[in-house]
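This report refers to the structure that appears directly beneath it.
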Amino acid sequence: MSESKNSTPIALTPEALQQMIAAAVTAAVQEAKKPAPPTARELAEIQQSQEIRQETAQNVLAQIESKKFEQQSCTHRHATGESHCVFIVDGNYVLCQKCQGKIRPEDGKKADKTAIYDTVLFNRLFQEISRSDM
């Protein structure tokens, strides 16, 4: 142990020295594990990926809207006037086999976001379905 004229002696126990070394090693390991800040190239790639995801999302939303429009404008009938529809008992809806639209009666819940909720249309299509189709 060293002593100088103006300082008090410092007593370091082996346990205290071990704790100091362990704390220093832990801090060094944590610092080494930190990821390096992203480079300009990595930031550009991230930006491009986000733009692609947003464009893809817009395309998917446009497809959903297009399909919904097609289902709502479908006659749900063959050219001969026969119905394209079948009644799905388990789900309590009419399914158009041409446009794959699910027509449900208004129930207030509207839990099925893909369905068309129209009681008048549901009743008309349900009545047009022949008994053999059920």
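In the structure tokens, chains take letters A, B, ... by order of appearance, with residues numbered from 1 within each chain and ligands from 1 in the order shown.
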DSSP says strand (DSSP E or B) for which residues of stretch 3-102 of chain A? Put them as a PyMOL selection string? chain A and resi 77+83+85-88+93-96+102
Can you spit out the residues from that selection as a compact mmCIF listing (two decimals), in the first residue's frame, using C-alpha atoms?
```
# COMPACT_ATOMS: atom_id res chain seq x y z
CA ARG A 77 -77.52 -15.47 -60.14
CA SER A 83 -79.17 -18.81 -57.88
CA CYS A 85 -76.15 -19.18 -53.59
CA VAL A 86 -76.22 -21.86 -50.94
CA PHE A 87 -77.28 -21.57 -47.33
CA ILE A 88 -74.60 -22.37 -44.76
CA TYR A 93 -75.46 -17.06 -43.84
CA VAL A 94 -76.01 -17.29 -47.58
CA LEU A 95 -72.85 -17.88 -49.61
CA CYS A 96 -72.65 -16.80 -53.24
CA LYS A 102 -71.28 -14.01 -47.35
```
What is the distance, in Å and to one decimal place, between atom CA of A:Gln47 and atom CA of A:Glu65?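 The value is 27.1 Å.
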Residue with smallest distance to A:Asn123 - pool A:Lys109, A:Arg41, A:Lys33, A:Arg104, counting only C-alpha atoms: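 For A:Asn123, the nearest of the given residues is A:Arg104.
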Considering only helix (DSSP H, G or I) as DSSP defines it on the backbone, what residues of chain A qualify? List them as number ranges by chain. A: 14-33, 40-73, 119-128, 131-133
Tell me, in Å to one decimal, how far atom CA of A:Cys74 is from atom CA of A:Arg124.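 Answer for the atom CA of A:Cys74 to atom CA of A:Arg124 separation: 14.0 Å.
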For a test of reading the model, state the distance in Å between atom CA of A:Gln18 and atom CA of A:Glu31, rounded to one decimal.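 Pair atom CA of A:Gln18 / atom CA of A:Glu31 returns 19.8 Å.
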